[in-house]
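Student: Below you'll find coords.csv; it's CSV, C-alpha atoms.
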```csv
chain,number,residue,atom,x,y,z
A,14,MET,CA,0.0,0.0,0.0
A,15,PHE,CA,2.9,2.3,0.7
A,16,CYS,CA,4.2,1.8,-2.8
A,17,LEU,CA,0.8,2.5,-4.3
A,18,GLY,CA,0.5,5.6,-2.1
A,19,LEU,CA,3.8,6.9,-3.6
A,20,SER,CA,2.5,6.3,-7.1
A,21,THR,CA,-0.8,7.9,-6.3
A,22,THR,CA,0.9,11.0,-4.9
A,23,CYS,CA,3.0,11.2,-8.0
A,24,HIS,CA,0.0,11.1,-10.4
A,25,LEU,CA,-2.0,13.6,-8.3
A,26,CYS,CA,0.7,16.2,-7.8
A,27,TYR,CA,3.0,16.0,-10.9
A,28,VAL,CA,1.1,18.9,-12.6
A,29,LYS,CA,1.7,21.5,-9.8
A,30,ASN,CA,5.1,22.8,-11.1
A,31,GLU,CA,8.4,21.5,-12.4
A,32,ARG,CA,10.0,21.2,-8.9
A,33,VAL,CA,7.1,19.3,-7.4
A,34,SER,CA,6.8,17.2,-10.6
A,35,ASN,CA,10.5,16.1,-10.3
A,36,LEU,CA,10.1,15.3,-6.6
A,37,VAL,CA,6.9,13.2,-6.9
A,38,THR,CA,8.4,11.4,-10.0
A,39,TYR,CA,11.3,10.3,-7.8
A,40,LEU,CA,8.8,9.1,-5.2
A,41,ASP,CA,7.1,7.0,-7.8
A,42,PHE,CA,10.3,5.3,-8.9
A,43,TRP,CA,11.3,4.8,-5.3
A,44,GLY,CA,8.0,3.1,-4.7
A,45,ILE,CA,8.7,0.7,-7.5
A,46,ALA,CA,12.1,-0.1,-6.1
A,47,LEU,CA,10.5,-0.7,-2.6
A,48,PHE,CA,7.9,-2.9,-4.2
A,49,PHE,CA,10.5,-5.2,-5.6
A,50,LEU,CA,12.3,-5.2,-2.2
A,51,GLY,CA,9.2,-6.0,-0.3
A,52,SER,CA,8.1,-8.7,-2.7
A,53,SER,CA,11.5,-10.4,-2.6
A,54,TYR,CA,12.0,-10.3,1.2
A,55,CYS,CA,9.0,-12.5,2.0
A,56,TYR,CA,9.9,-15.2,-0.4
A,57,ILE,CA,13.6,-15.3,0.7
A,58,SER,CA,12.7,-15.2,4.4
A,59,PHE,CA,10.4,-18.1,4.3
A,60,LYS,CA,12.1,-20.3,1.7
A,61,TYR,CA,15.7,-19.9,3.1
A,62,ALA,CA,14.9,-20.3,6.8
A,63,CYS,CA,16.9,-23.2,8.1
A,64,GLY,CA,20.4,-24.7,8.4
A,65,ASN,CA,23.1,-23.6,6.0
A,66,PHE,CA,20.5,-21.6,4.0
A,67,ILE,CA,20.5,-18.8,6.6
A,68,PHE,CA,23.7,-17.6,5.0
A,69,TRP,CA,22.0,-17.3,1.6
A,70,ARG,CA,19.0,-15.7,3.2
A,71,TYR,CA,21.1,-12.8,4.6
A,72,THR,CA,23.2,-12.6,1.4
A,73,PHE,CA,20.2,-12.3,-0.9
A,74,THR,CA,18.4,-9.8,1.3
A,75,THR,CA,21.5,-7.7,1.6
A,76,VAL,CA,22.1,-7.7,-2.2
A,77,ILE,CA,18.5,-6.8,-2.9
A,78,ALA,CA,18.6,-4.0,-0.3
A,79,VAL,CA,21.8,-2.6,-2.0
A,80,LEU,CA,20.2,-2.9,-5.4
A,81,THR,CA,17.1,-1.0,-4.1
A,82,LEU,CA,19.4,1.8,-3.0
A,83,ILE,CA,21.2,1.8,-6.3
A,84,CYS,CA,17.9,2.0,-8.2
A,85,CYS,CA,16.7,4.9,-5.9
A,86,TRP,CA,20.0,6.7,-6.5
A,87,ALA,CA,20.0,6.0,-10.2
A,88,SER,CA,16.4,7.2,-10.7
A,89,VAL,CA,17.3,10.7,-9.7
A,90,LYS,CA,20.2,11.0,-12.1
A,91,LYS,CA,19.5,13.2,-15.1
A,92,SER,CA,21.4,10.7,-17.4
A,93,LEU,CA,18.7,8.1,-16.6
A,94,MET,CA,15.7,10.3,-17.2
A,95,SER,CA,14.7,8.5,-20.4
A,96,PRO,CA,11.9,6.0,-20.1
A,97,LEU,CA,13.9,3.3,-21.9
A,98,ARG,CA,16.9,3.6,-19.5
A,99,ARG,CA,14.7,3.6,-16.4
A,100,SER,CA,12.8,0.6,-17.7
A,101,ILE,CA,16.1,-1.3,-18.4
A,102,LEU,CA,17.3,-0.4,-14.9
A,103,PHE,CA,14.1,-1.7,-13.2
A,104,PHE,CA,13.8,-4.7,-15.5
A,105,ILE,CA,17.4,-5.8,-14.5
A,106,PHE,CA,16.5,-5.2,-10.9
A,107,GLY,CA,13.4,-7.3,-11.2
A,108,LEU,CA,15.3,-10.1,-12.9
A,109,SER,CA,17.9,-10.0,-10.0
A,110,CYS,CA,15.0,-10.6,-7.6
A,111,LEU,CA,14.3,-13.8,-9.4
A,112,VAL,CA,17.7,-15.2,-8.7
A,113,PRO,CA,16.9,-16.6,-5.2
A,114,ILE,CA,13.8,-18.3,-6.7
A,115,ILE,CA,15.7,-19.9,-9.5
A,116,LEU,CA,18.6,-21.0,-7.3
A,117,LEU,CA,16.2,-22.7,-4.8
A,118,TYR,CA,15.2,-25.1,-7.6
A,119,PHE,CA,18.8,-26.3,-7.7
A,120,TRP,CA,19.5,-26.2,-4.0
A,121,HIS,CA,16.2,-27.5,-2.8
A,122,ASP,CA,16.5,-29.7,0.4
A,123,PRO,CA,13.2,-30.9,1.7
A,124,THR,CA,14.5,-31.0,5.3
A,125,MET,CA,15.8,-27.4,5.2
A,126,THR,CA,13.8,-25.4,2.7
A,127,LEU,CA,10.2,-25.1,1.6
A,128,ASP,CA,9.1,-26.2,-1.8
A,129,PRO,CA,10.5,-23.8,-4.4
A,130,SER,CA,7.2,-23.1,-6.1
A,131,PHE,CA,7.4,-20.4,-8.8
A,132,GLY,CA,3.7,-20.5,-9.7
A,133,PRO,CA,2.5,-17.7,-7.4
A,134,TYR,CA,5.1,-15.4,-8.8
A,135,LEU,CA,4.3,-16.1,-12.5
A,136,LEU,CA,1.3,-13.8,-12.8
A,137,PRO,CA,2.9,-10.8,-10.9
A,138,CYS,CA,6.1,-11.1,-13.0
A,139,THR,CA,4.1,-11.2,-16.2
A,140,LEU,CA,2.1,-8.2,-15.2
A,141,LEU,CA,5.2,-6.2,-14.2
A,142,PHE,CA,6.9,-7.1,-17.5
A,143,THR,CA,3.8,-6.0,-19.4
A,144,GLY,CA,3.8,-2.7,-17.4
A,145,VAL,CA,7.4,-2.1,-18.4
A,146,ILE,CA,6.5,-2.6,-22.1
A,147,LEU,CA,3.5,-0.2,-21.8
A,148,TYR,CA,5.6,2.4,-20.0
A,149,VAL,CA,8.4,2.3,-22.7
A,150,LYS,CA,5.9,2.3,-25.5
A,151,ARG,CA,3.9,5.2,-23.8
A,152,VAL,CA,0.6,3.4,-24.2
A,153,PRO,CA,-2.1,4.8,-24.0
A,154,GLU,CA,-0.7,8.3,-23.9
A,155,LYS,CA,0.7,8.1,-27.5
A,156,TRP,CA,-2.9,7.6,-28.8
A,157,SER,CA,-3.9,11.1,-27.6
A,158,ASN,CA,-3.0,14.3,-29.5
A,159,SER,CA,-2.2,16.1,-26.2
A,160,GLY,CA,-0.1,13.2,-24.8
A,161,ARG,CA,-2.5,12.8,-21.9
A,162,TYR,CA,-4.9,10.0,-21.1
A,163,ASP,CA,-7.6,10.8,-18.6
A,164,TYR,CA,-10.6,8.8,-19.8
A,165,LEU,CA,-10.7,6.9,-16.6
A,166,GLY,CA,-10.3,9.8,-14.2
```
Could you spell out this file's structure in structure tokens?

Tutor:
Amino acid sequence: MFCLGLSTTCHLCYVKNERVSNLVTYLDFWGIALFFLGSSYCYISFKYACGNFIFWRYTFTTVIAVLTLICCWASVKKSLMSPLRRSILFFIFGLSCLVPIILLYFWHDPTMTLDPSFGPYLLPCTLLFTGVILYVKRVPEKWSNSGRYDYLG
């Protein structure tokens, strides 16, 4: 809800002036980074909970936390202001969050880890990838002469 709140704040306040627009845009991208962080932590914490897997639990959560900070830092840099570059940055970040899930298939130990089911993450990953494509292609804004799309409020 916090991430959605940041996105809502962005879309409500970006039209105030250029300074406010830049600030709330950063909040929107930070919300996306925090969304990836929060989505990954739960899976890692439950699936890598016992025995030697505790090391990997802390390793993965630390790496994802550092990547979140890098995404937040990179999203405020002027050189990454293009939608394509930002999309690539967050796409790579999203793929890195899949590493613990994929590795658990190879390291699965029924006595120490939970079943490495990827099924519950398939739909959210597909929707996030679709969202990246729509963002890069600027759909539905490109279908409007003014570049705005407000048919749904």

Student: Return the single residue from A:Lys150, A:Lys90, A:Lys60, A:Arg98 that is closest to Asp122 of chain A, with distances computed using only C-alpha atoms.

Tutor: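 Closest to Asp122 of chain A of all the choices is A:Lys60.
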
Student: Which residue, A:Trp86, A:Gly44, A:Leu111, A:Val79, has the smallest gap to Leu135 of chain A when you use all atoms listed in the file?

Tutor: A:Leu111

Student: Go through A:Asn35, A:Lys29, A:Phe15, A:Pro113 one by one, measure the shortest atom-to-atom distance of each to Tyr71 of chain A using only C-alpha atoms, and give the residue with the smallest value.

Tutor: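 The answer is A:Pro113, which sits nearest to Tyr71 of chain A.
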
Student: Pull the neighbourhood of (7.6, 5.9, -23.7) for me: all residues within 12 Å in file coordinates, counting only C-alpha atoms, as a VMD selection string.

Tutor: chain A and resid 94 to 100 144 to 156 160

Student: Could you jot down the atom CA of Trp43 of chain A to atom CA of Leu25 of chain A separation for me, Å, one decimal place?

Tutor: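 Computed distance, atom CA of Trp43 of chain A to atom CA of Leu25 of chain A, equals 16.2 Å.
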
Student: Please list as a PDB file with C-alpha atoms, in the coordinates of the input every residue within 8 Å of Cys110 of chain A, counting all atoms listed in the file and excluding residues in the same chain fewer than 6 positions away.

Tutor:
```pdb
ATOM      1  CA  PHE A  49      10.500  -5.200  -5.600  1.00  0.00           C
ATOM      2  CA  SER A  53      11.500 -10.400  -2.600  1.00  0.00           C
ATOM      3  CA  ILE A  77      18.500  -6.800  -2.900  1.00  0.00           C
TER       4      ILE A  77
END
```

Student: Could you check which of A:Leu141, A:Cys63, A:Val76, A:Ile57 is closest to Ile114 of chain A, using only C-alpha atoms?

Tutor: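 Comparing A:Leu141, A:Cys63, A:Val76, A:Ile57 against Ile114 of chain A, the winner is A:Ile57.
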